[in-house]
Every structure is written in structure tokens, then in C-alpha cells.
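Step one of this worksheet: look at the structure below.
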Amino acid sequence: MSARPLIAVAGMRSPKIEGLRLNGVVAAAKILEAVYRAGGEPLTVYHGEPGGLAARLARFDGIVVPGGGDLGPGRYGAEPDPRTAPTDDAQDEADLAVVRAALAHRLPTLAICRGMQVLNVACGGTLVQHVPPGGVDHLGPHGVKLEPDCRTARVLGADAVAVSSYHHQAVDVLGRGLRVVARAPDGIAEALEHDTARLLCVQWHPEDDAAETPYEQALFDAVVEDARNGNDHG
């Protein structure tokens, strides 16, 4: 039986974890389960010294960058909006380093929600700090339409899907090398692709219902399959 590809799941700093006296670094069980179901070996990666993350991640076969809190507006040259939640500089630095390592090593990567926003900022883009109220509830399930010929649509096996969503920020100005390949009915970017990197980037949370919904699990399957087939760490 062949070894499972090693999939780095970027850890999230948490001030309190049930069962522990102190703070911790965690990953959502649903993400770990989805990676494992896909045939990967998920390993939660401690941020450590962000400057050393690129070398540490080079030993992995793929990466998942999960959702989380708001990215600090200073990271994309903006003043904080009052509706932006308190941010974590150490988490921001770590997640940006993970995404930059994924790009540098050309590692197969799935970026989810905040992870997609971090990717956009790492590529020089900006964010909408608070999505204005409208016809789409981005804190709940809604529909998404994809460009029929994009890789994300091919992975999902559909060009229109219903997704589980939970975010109040969104991509604004696109970063270098990125293009929008899916939108919500109100125009909010729901998936990005990169000109050269092997990335899947979605604004929704596929892990929420991946166990029951084949097209959501397919995103994890695709990253693990890319990792299994090898990649150029150049």
C-alpha cells in the first residue's frame, strides 16, 4: 500500500482550547477528516518562525490553508473598518508565509475562505472589509456560478453549486496572476485561480458538508491527487 501524501494544514492560534489549561494551535476536524478521506495524511503545522516556514513546508506534498479570522487591513494598505474583527499579527504573518511558500514551491494547495483572502493579499490584492447587506447571506448557504471551462468547475463536476458560507470580508482588487472563476449572485468572488500555480481557492467552506456532498469532497480529493502525482518543488 503506497504511503499517503503529506498534506500540511496551516494551524490556527487559539487563546483557549477545551481540555487544555493554556492556548494552542489547532485545525478543524472536518478539514483533517476531508483530507484523510481523500487519501492524504493531514498534519497540522505550527507557525513557529514564519521566516523558516518555506523550508519546512518544502518537505510536504500539498497544503491546505483554512478559514479563520479577519486579516489585518494594514497587510493590504488599508485603515481598519470598525466592523473588522480584532486581528492577530502572528497568525497573519504565518498564513502569508504559508501561501508564499506554496507559490514558491509550486505545492498543490487548497485555500479556504480566509485562506483565499490571504492568497489574494500575498499576490498584492486587497479586501472588502465588510460585505454590504444585500440579496445574498454570506453567513449561510447560497448558490455559486462558475466559469464552465475553469479548473474549479471541472473538479466540482458542475458550473453551479450550493455552498456553505461564513464570511463578512471578500476579495476586492485582484492580486497578480489571479482571476475570478466563480461568483455569488451579488457578484462577490467565490473562487480564484492562478495563472501558473496549482491552486484551488474558494471563499466558501467545503469541509462543512464534504462528508455528504461529493463535489465538496472533490476539492480535497483534487489536492491530494495532485500531491500524490508529484509536483515541482523548484
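Letters for chains follow the order of the C-alpha cells (A, B, ...), residue numbers begin at 1 for each chain, and ligand numbers begin at 1 in the order shown.
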
Could you pull out all residues of range 22-234 of chain A with a DSSP call of strand (DSSP E or B) and give them as a PDB file with N, CA and C atoms, in the first residue's frame?
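Dumped everything to result-v5.pdb:
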ATOM      1  N   GLY A  24      -3.424  27.233  22.351  1.00  0.00           N
ATOM      2  CA  GLY A  24      -2.981  26.149  21.487  1.00  0.00           C
ATOM      3  C   GLY A  24      -2.994  26.541  20.025  1.00  0.00           C
ATOM      4  N   VAL A  25      -2.597  25.606  19.183  1.00  0.00           N
ATOM      5  CA  VAL A  25      -2.627  25.751  17.729  1.00  0.00           C
ATOM      6  C   VAL A  25      -3.444  24.586  17.197  1.00  0.00           C
ATOM      7  N   VAL A  26      -4.494  24.896  16.439  1.00  0.00           N
ATOM      8  CA  VAL A  26      -5.477  23.869  16.101  1.00  0.00           C
ATOM      9  C   VAL A  26      -5.772  23.843  14.605  1.00  0.00           C
ATOM     10  N   GLU A  41      -2.431  12.325   4.276  1.00  0.00           N
ATOM     11  CA  GLU A  41      -2.067  12.300   5.690  1.00  0.00           C
ATOM     12  C   GLU A  41      -2.000  13.745   6.167  1.00  0.00           C
ATOM     13  N   PRO A  42      -3.060  14.238   6.860  1.00  0.00           N
ATOM     14  CA  PRO A  42      -3.062  15.641   7.267  1.00  0.00           C
ATOM     15  C   PRO A  42      -2.211  15.863   8.510  1.00  0.00           C
ATOM     16  N   LEU A  43      -1.372  16.876   8.467  1.00  0.00           N
ATOM     17  CA  LEU A  43      -0.521  17.236   9.595  1.00  0.00           C
ATOM     18  C   LEU A  43      -0.691  18.723   9.884  1.00  0.00           C
ATOM     19  N   THR A  44      -1.111  19.046  11.104  1.00  0.00           N
ATOM     20  CA  THR A  44      -1.263  20.447  11.490  1.00  0.00           C
ATOM     21  C   THR A  44       0.114  21.056  11.669  1.00  0.00           C
ATOM     22  N   VAL A  45       0.358  22.184  11.012  1.00  0.00           N
ATOM     23  CA  VAL A  45       1.678  22.810  11.016  1.00  0.00           C
ATOM     24  C   VAL A  45       1.690  23.994  11.975  1.00  0.00           C
ATOM     25  N   GLY A  62       1.548  18.707  -0.251  1.00  0.00           N
ATOM     26  CA  GLY A  62       0.433  19.609  -0.524  1.00  0.00           C
ATOM     27  C   GLY A  62       0.100  20.408   0.711  1.00  0.00           C
ATOM     28  N   ILE A  63      -0.761  21.409   0.553  1.00  0.00           N
ATOM     29  CA  ILE A  63      -1.083  22.329   1.641  1.00  0.00           C
ATOM     30  C   ILE A  63      -2.576  22.632   1.624  1.00  0.00           C
ATOM     31  N   VAL A  64      -3.163  22.764   2.815  1.00  0.00           N
ATOM     32  CA  VAL A  64      -4.488  23.346   2.970  1.00  0.00           C
ATOM     33  C   VAL A  64      -4.350  24.569   3.868  1.00  0.00           C
ATOM     34  N   VAL A  65      -4.872  25.703   3.400  1.00  0.00           N
ATOM     35  CA  VAL A  65      -4.880  26.935   4.195  1.00  0.00           C
ATOM     36  C   VAL A  65      -6.333  27.184   4.593  1.00  0.00           C
ATOM     37  N   THR A 109      -2.302  23.189  -3.556  1.00  0.00           N
ATOM     38  CA  THR A 109      -2.838  23.906  -2.402  1.00  0.00           C
ATOM     39  C   THR A 109      -4.336  24.111  -2.542  1.00  0.00           C
ATOM     40  N   LEU A 110      -5.039  23.943  -1.420  1.00  0.00           N
ATOM     41  CA  LEU A 110      -6.438  24.329  -1.311  1.00  0.00           C
ATOM     42  C   LEU A 110      -6.525  25.440  -0.288  1.00  0.00           C
ATOM     43  N   ALA A 111      -6.976  26.621  -0.704  1.00  0.00           N
ATOM     44  CA  ALA A 111      -7.134  27.773   0.182  1.00  0.00           C
ATOM     45  C   ALA A 111      -8.623  28.008   0.404  1.00  0.00           C
ATOM     46  N   ILE A 112      -9.024  28.062   1.670  1.00  0.00           N
ATOM     47  CA  ILE A 112     -10.435  28.117   2.046  1.00  0.00           C
ATOM     48  C   ILE A 112     -10.738  29.419   2.776  1.00  0.00           C
ATOM     49  N   LEU A 127      -8.805  43.641   0.065  1.00  0.00           N
ATOM     50  CA  LEU A 127     -10.053  43.034   0.519  1.00  0.00           C
ATOM     51  C   LEU A 127     -11.124  44.082   0.784  1.00  0.00           C
ATOM     52  N   VAL A 128     -12.363  43.664   0.610  1.00  0.00           N
ATOM     53  CA  VAL A 128     -13.515  44.410   1.124  1.00  0.00           C
ATOM     54  C   VAL A 128     -13.627  44.034   2.598  1.00  0.00           C
ATOM     55  N   HIS A 142     -25.690  29.463   0.100  1.00  0.00           N
ATOM     56  CA  HIS A 142     -26.147  30.201  -1.081  1.00  0.00           C
ATOM     57  C   HIS A 142     -25.580  29.549  -2.333  1.00  0.00           C
ATOM     58  N   GLY A 143     -26.032  30.012  -3.477  1.00  0.00           N
ATOM     59  CA  GLY A 143     -25.568  29.466  -4.740  1.00  0.00           C
ATOM     60  C   GLY A 143     -24.329  30.168  -5.260  1.00  0.00           C
ATOM     61  N   VAL A 144     -23.588  29.456  -6.086  1.00  0.00           N
ATOM     62  CA  VAL A 144     -22.378  29.980  -6.730  1.00  0.00           C
ATOM     63  C   VAL A 144     -22.391  29.529  -8.185  1.00  0.00           C
ATOM     64  N   LYS A 145     -22.040  30.432  -9.093  1.00  0.00           N
ATOM     65  CA  LYS A 145     -21.905  30.080 -10.514  1.00  0.00           C
ATOM     66  C   LYS A 145     -20.437  30.177 -10.909  1.00  0.00           C
ATOM     67  N   LEU A 146     -19.973  29.166 -11.635  1.00  0.00           N
ATOM     68  CA  LEU A 146     -18.578  29.084 -12.043  1.00  0.00           C
ATOM     69  C   LEU A 146     -18.457  29.218 -13.551  1.00  0.00           C
ATOM     70  N   ALA A 160     -22.540  25.235 -11.437  1.00  0.00           N
ATOM     71  CA  ALA A 160     -23.388  25.914 -10.463  1.00  0.00           C
ATOM     72  C   ALA A 160     -23.566  24.978  -9.278  1.00  0.00           C
ATOM     73  N   VAL A 161     -23.259  25.472  -8.076  1.00  0.00           N
ATOM     74  CA  VAL A 161     -23.342  24.645  -6.874  1.00  0.00           C
ATOM     75  C   VAL A 161     -23.934  25.464  -5.726  1.00  0.00           C
ATOM     76  N   ALA A 162     -24.451  24.756  -4.732  1.00  0.00           N
ATOM     77  CA  ALA A 162     -24.863  25.369  -3.474  1.00  0.00           C
ATOM     78  C   ALA A 162     -23.748  25.135  -2.464  1.00  0.00           C
ATOM     79  N   VAL A 163     -23.390  26.170  -1.703  1.00  0.00           N
ATOM     80  CA  VAL A 163     -22.226  26.079  -0.827  1.00  0.00           C
ATOM     81  C   VAL A 163     -22.574  26.531   0.591  1.00  0.00           C
ATOM     82  N   ALA A 170     -14.262  39.975   1.785  1.00  0.00           N
ATOM     83  CA  ALA A 170     -14.216  39.378   0.449  1.00  0.00           C
ATOM     84  C   ALA A 170     -13.084  39.988  -0.354  1.00  0.00           C
ATOM     85  N   VAL A 171     -12.760  39.332  -1.458  1.00  0.00           N
ATOM     86  CA  VAL A 171     -11.746  39.847  -2.385  1.00  0.00           C
ATOM     87  C   VAL A 171     -12.244  41.136  -3.021  1.00  0.00           C
ATOM     88  N   LEU A 178      -3.878  36.290 -10.585  1.00  0.00           N
ATOM     89  CA  LEU A 178      -5.127  35.673 -10.174  1.00  0.00           C
ATOM     90  C   LEU A 178      -6.280  36.085 -11.072  1.00  0.00           C
ATOM     91  N   ARG A 179      -7.280  35.239 -11.158  1.00  0.00           N
ATOM     92  CA  ARG A 179      -8.505  35.580 -11.876  1.00  0.00           C
ATOM     93  C   ARG A 179      -9.693  34.976 -11.137  1.00  0.00           C
ATOM     94  N   VAL A 180     -10.818  35.655 -11.194  1.00  0.00           N
ATOM     95  CA  VAL A 180     -12.050  35.170 -10.563  1.00  0.00           C
ATOM     96  C   VAL A 180     -12.705  34.163 -11.498  1.00  0.00           C
ATOM     97  N   VAL A 181     -13.041  32.985 -10.966  1.00  0.00           N
ATOM     98  CA  VAL A 181     -13.677  31.961 -11.794  1.00  0.00           C
ATOM     99  C   VAL A 181     -15.055  31.561 -11.263  1.00  0.00           C
ATOM    100  N   ALA A 182     -15.488  32.183 -10.168  1.00  0.00           N
ATOM    101  CA  ALA A 182     -16.824  31.904  -9.629  1.00  0.00           C
ATOM    102  C   ALA A 182     -17.301  33.108  -8.841  1.00  0.00           C
ATOM    103  N   ARG A 183     -18.607  33.340  -8.886  1.00  0.00           N
ATOM    104  CA  ARG A 183     -19.200  34.462  -8.150  1.00  0.00           C
ATOM    105  C   ARG A 183     -20.518  34.039  -7.527  1.00  0.00           C
ATOM    106  N   ALA A 189     -16.655  37.555  -5.317  1.00  0.00           N
ATOM    107  CA  ALA A 189     -15.782  36.492  -5.817  1.00  0.00           C
ATOM    108  C   ALA A 189     -15.852  35.280  -4.903  1.00  0.00           C
ATOM    109  N   GLU A 190     -16.101  34.116  -5.483  1.00  0.00           N
ATOM    110  CA  GLU A 190     -16.245  32.887  -4.704  1.00  0.00           C
ATOM    111  C   GLU A 190     -15.161  31.860  -4.995  1.00  0.00           C
ATOM    112  N   ALA A 191     -14.415  32.028  -6.070  1.00  0.00           N
ATOM    113  CA  ALA A 191     -13.285  31.136  -6.346  1.00  0.00           C
ATOM    114  C   ALA A 191     -12.284  31.872  -7.213  1.00  0.00           C
ATOM    115  N   LEU A 192     -10.999  31.624  -6.950  1.00  0.00           N
ATOM    116  CA  LEU A 192      -9.907  32.201  -7.727  1.00  0.00           C
ATOM    117  C   LEU A 192      -9.057  31.081  -8.297  1.00  0.00           C
ATOM    118  N   GLU A 193      -8.407  31.371  -9.419  1.00  0.00           N
ATOM    119  CA  GLU A 193      -7.361  30.504  -9.941  1.00  0.00           C
ATOM    120  C   GLU A 193      -6.141  31.357 -10.273  1.00  0.00           C
ATOM    121  N   HIS A 194      -4.986  30.708 -10.285  1.00  0.00           N
ATOM    122  CA  HIS A 194      -3.714  31.385 -10.522  1.00  0.00           C
ATOM    123  C   HIS A 194      -3.196  31.009 -11.905  1.00  0.00           C
ATOM    124  N   LEU A 199      -3.324  25.813  -7.668  1.00  0.00           N
ATOM    125  CA  LEU A 199      -4.110  26.212  -6.509  1.00  0.00           C
ATOM    126  C   LEU A 199      -5.602  26.048  -6.773  1.00  0.00           C
ATOM    127  N   LEU A 200      -6.338  25.620  -5.746  1.00  0.00           N
ATOM    128  CA  LEU A 200      -7.789  25.712  -5.707  1.00  0.00           C
ATOM    129  C   LEU A 200      -8.125  26.642  -4.552  1.00  0.00           C
ATOM    130  N   CYS A 201      -8.896  27.671  -4.827  1.00  0.00           N
ATOM    131  CA  CYS A 201      -9.161  28.709  -3.823  1.00  0.00           C
ATOM    132  C   CYS A 201     -10.642  29.021  -3.815  1.00  0.00           C
ATOM    133  N   VAL A 202     -11.313  28.766  -2.704  1.00  0.00           N
ATOM    134  CA  VAL A 202     -12.754  29.009  -2.627  1.00  0.00           C
ATOM    135  C   VAL A 202     -13.076  29.850  -1.401  1.00  0.00           C
TER     136      VAL A 202
END

Query raised in the report: Which parts of range 93-193 of chain A does DSSP call alpha helix (DSSP H) when run on the backbone here, written out as a list of chain:residue names?
Result: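 Secondary structure check on range 93-193 of chain A, alpha helix (DSSP H): A:Glu93, A:Ala94, A:Asp95, A:Leu96, A:Ala97, A:Val98, A:Val99, A:Arg100, A:Ala101, A:Ala102, A:Leu103, A:Ala104, A:His105, A:Arg114, A:Gly115, A:Met116, A:Gln117, A:Val118, A:Leu119, A:Asn120, A:Val121, A:Ala122, A:Arg151, A:Thr152, A:Ala153, A:Arg154, A:Val155, A:Leu156.
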
Selection from above, C-alpha atoms, as a short mmCIF file (atom, residue, chain, number, x, y, z; two decimals), in the first residue's frame, can you write it?
data_model
loop_
_atom_site.label_atom_id
_atom_site.label_comp_id
_atom_site.auth_asym_id
_atom_site.auth_seq_id
_atom_site.Cartn_x
_atom_site.Cartn_y
_atom_site.Cartn_z
CA GLU A 93 2.40 36.60 9.26
CA ALA A 94 2.29 32.81 9.43
CA ASP A 95 -0.53 32.41 6.91
CA LEU A 96 1.08 34.81 4.45
CA ALA A 97 4.32 32.85 4.78
CA VAL A 98 2.47 29.57 4.12
CA VAL A 99 0.86 30.93 0.96
CA ARG A 100 4.12 32.39 -0.31
CA ALA A 101 5.81 29.03 0.30
CA ALA A 102 3.04 27.28 -1.63
CA LEU A 103 3.65 29.60 -4.57
CA ALA A 104 7.44 29.34 -4.35
CA HIS A 105 7.47 25.53 -4.15
CA ARG A 114 -9.64 33.39 4.86
CA GLY A 115 -7.06 31.28 3.04
CA MET A 116 -8.31 32.62 -0.31
CA GLN A 117 -8.22 36.16 1.05
CA VAL A 118 -4.66 35.65 2.33
CA LEU A 119 -3.64 34.39 -1.12
CA ASN A 120 -5.09 37.48 -2.77
CA VAL A 121 -3.23 39.78 -0.38
CA ALA A 122 0.02 37.79 -0.75
CA ARG A 151 -10.40 24.00 -13.45
CA THR A 152 -12.52 24.52 -10.32
CA ALA A 153 -15.70 23.70 -12.25
CA ARG A 154 -14.04 20.61 -13.70
CA VAL A 155 -13.04 19.46 -10.21
CA LEU A 156 -16.54 20.08 -8.84
#

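Here the question is which of A:Ala38, A:Pro185, A:Gly11, A:Lys30 gets nearest to Gly134 in chain A using only C-alpha atoms, and that residue is A:Pro185.
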
Requested in this report: Kindly give the distance, in Å, that separates CA of Thr84 in chain A and CA of His130 in chain A, rounded to a single decimal.
Outcome: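 Computing it gives 7.1 Å between the two atoms.
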
Query - Given only C-alpha atoms as the counted atoms, nearest of A:Leu139, A:Met12, A:Leu219, A:Cys123 to Gly175 in chain A - result: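 When distances to Gly175 in chain A are compared using only C-alpha atoms, the smallest one comes from A:Cys123.
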
Report task. May I have the residues within 10 Å of Asp137 in chain A as a list in words, using only C-alpha atoms and disregarding those fewer than 5 positions away in the same chain? Result ->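 So the residues in contact are Val131, His142, Ser165, Tyr166, His167, His168, Ala184 and Asp186 of chain A.
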
Which neighbours of Arg4 in chain A fall inside 10 Å, counting only C-alpha atoms, when residues of the same chain fewer than 4 positions from it are skipped, and could you give them as an mmCIF file with N, CA and C atoms, in the first residue's frame?
data_model
loop_
_atom_site.group_PDB
_atom_site.id
_atom_site.type_symbol
_atom_site.label_atom_id
_atom_site.label_comp_id
_atom_site.auth_asym_id
_atom_site.auth_seq_id
_atom_site.Cartn_x
_atom_site.Cartn_y
_atom_site.Cartn_z
ATOM 1 N N TYR A 36 -8.062 13.268 4.986
ATOM 2 C CA TYR A 36 -7.835 11.831 5.230
ATOM 3 C C TYR A 36 -8.717 10.979 4.318
ATOM 4 N N ALA A 38 -9.694 11.740 1.472
ATOM 5 C CA ALA A 38 -9.146 11.860 0.119
ATOM 6 C C ALA A 38 -7.903 10.999 -0.087
ATOM 7 N N GLY A 39 -7.378 10.432 0.995
ATOM 8 C CA GLY A 39 -6.180 9.603 0.883
ATOM 9 C C GLY A 39 -4.916 10.284 1.326
ATOM 10 N N GLY A 40 -5.039 11.492 1.874
ATOM 11 C CA GLY A 40 -3.865 12.211 2.352
ATOM 12 C C GLY A 40 -3.615 11.985 3.832
ATOM 13 N N GLU A 41 -2.431 12.325 4.276
ATOM 14 C CA GLU A 41 -2.067 12.300 5.690
ATOM 15 C C GLU A 41 -2.000 13.745 6.167
ATOM 16 N N PRO A 42 -3.060 14.238 6.860
ATOM 17 C CA PRO A 42 -3.062 15.641 7.267
ATOM 18 C C PRO A 42 -2.211 15.863 8.510
ATOM 19 N N ASP A 61 3.802 17.401 0.543
ATOM 20 C CA ASP A 61 3.335 17.163 -0.820
ATOM 21 C C ASP A 61 2.186 18.083 -1.220
ATOM 22 N N VAL A 224 -5.144 16.262 -2.967
ATOM 23 C CA VAL A 224 -4.397 15.056 -2.586
ATOM 24 C C VAL A 224 -3.922 14.304 -3.825
ATOM 25 N N ALA A 227 -0.971 16.012 -5.148
ATOM 26 C CA ALA A 227 0.168 15.734 -4.271
ATOM 27 C C ALA A 227 0.716 14.334 -4.523
ATOM 28 N N ARG A 228 -0.168 13.392 -4.734
ATOM 29 C CA ARG A 228 0.256 12.005 -4.987
ATOM 30 C C ARG A 228 1.024 11.878 -6.299
#

Report task. Quick one: pull the distance between CA of Thr196 in chain A and CA of Asp226 in chain A, Å, one decimal. Result ->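 So the answer is 14.4 Å.
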
Requested in this report: For CA of Ser164 in chain A and CA of Pro141 in chain A, determine how far apart the two atoms are, in Å to one decimal place.
Outcome: 4.5 Å

Query raised in the report: Hey, which of A:Gly177, A:Gly69, A:Gly52, A:Gly74 ends up closest to Asp88 in chain A? Count only C-alpha atoms.
Result: A:Gly69
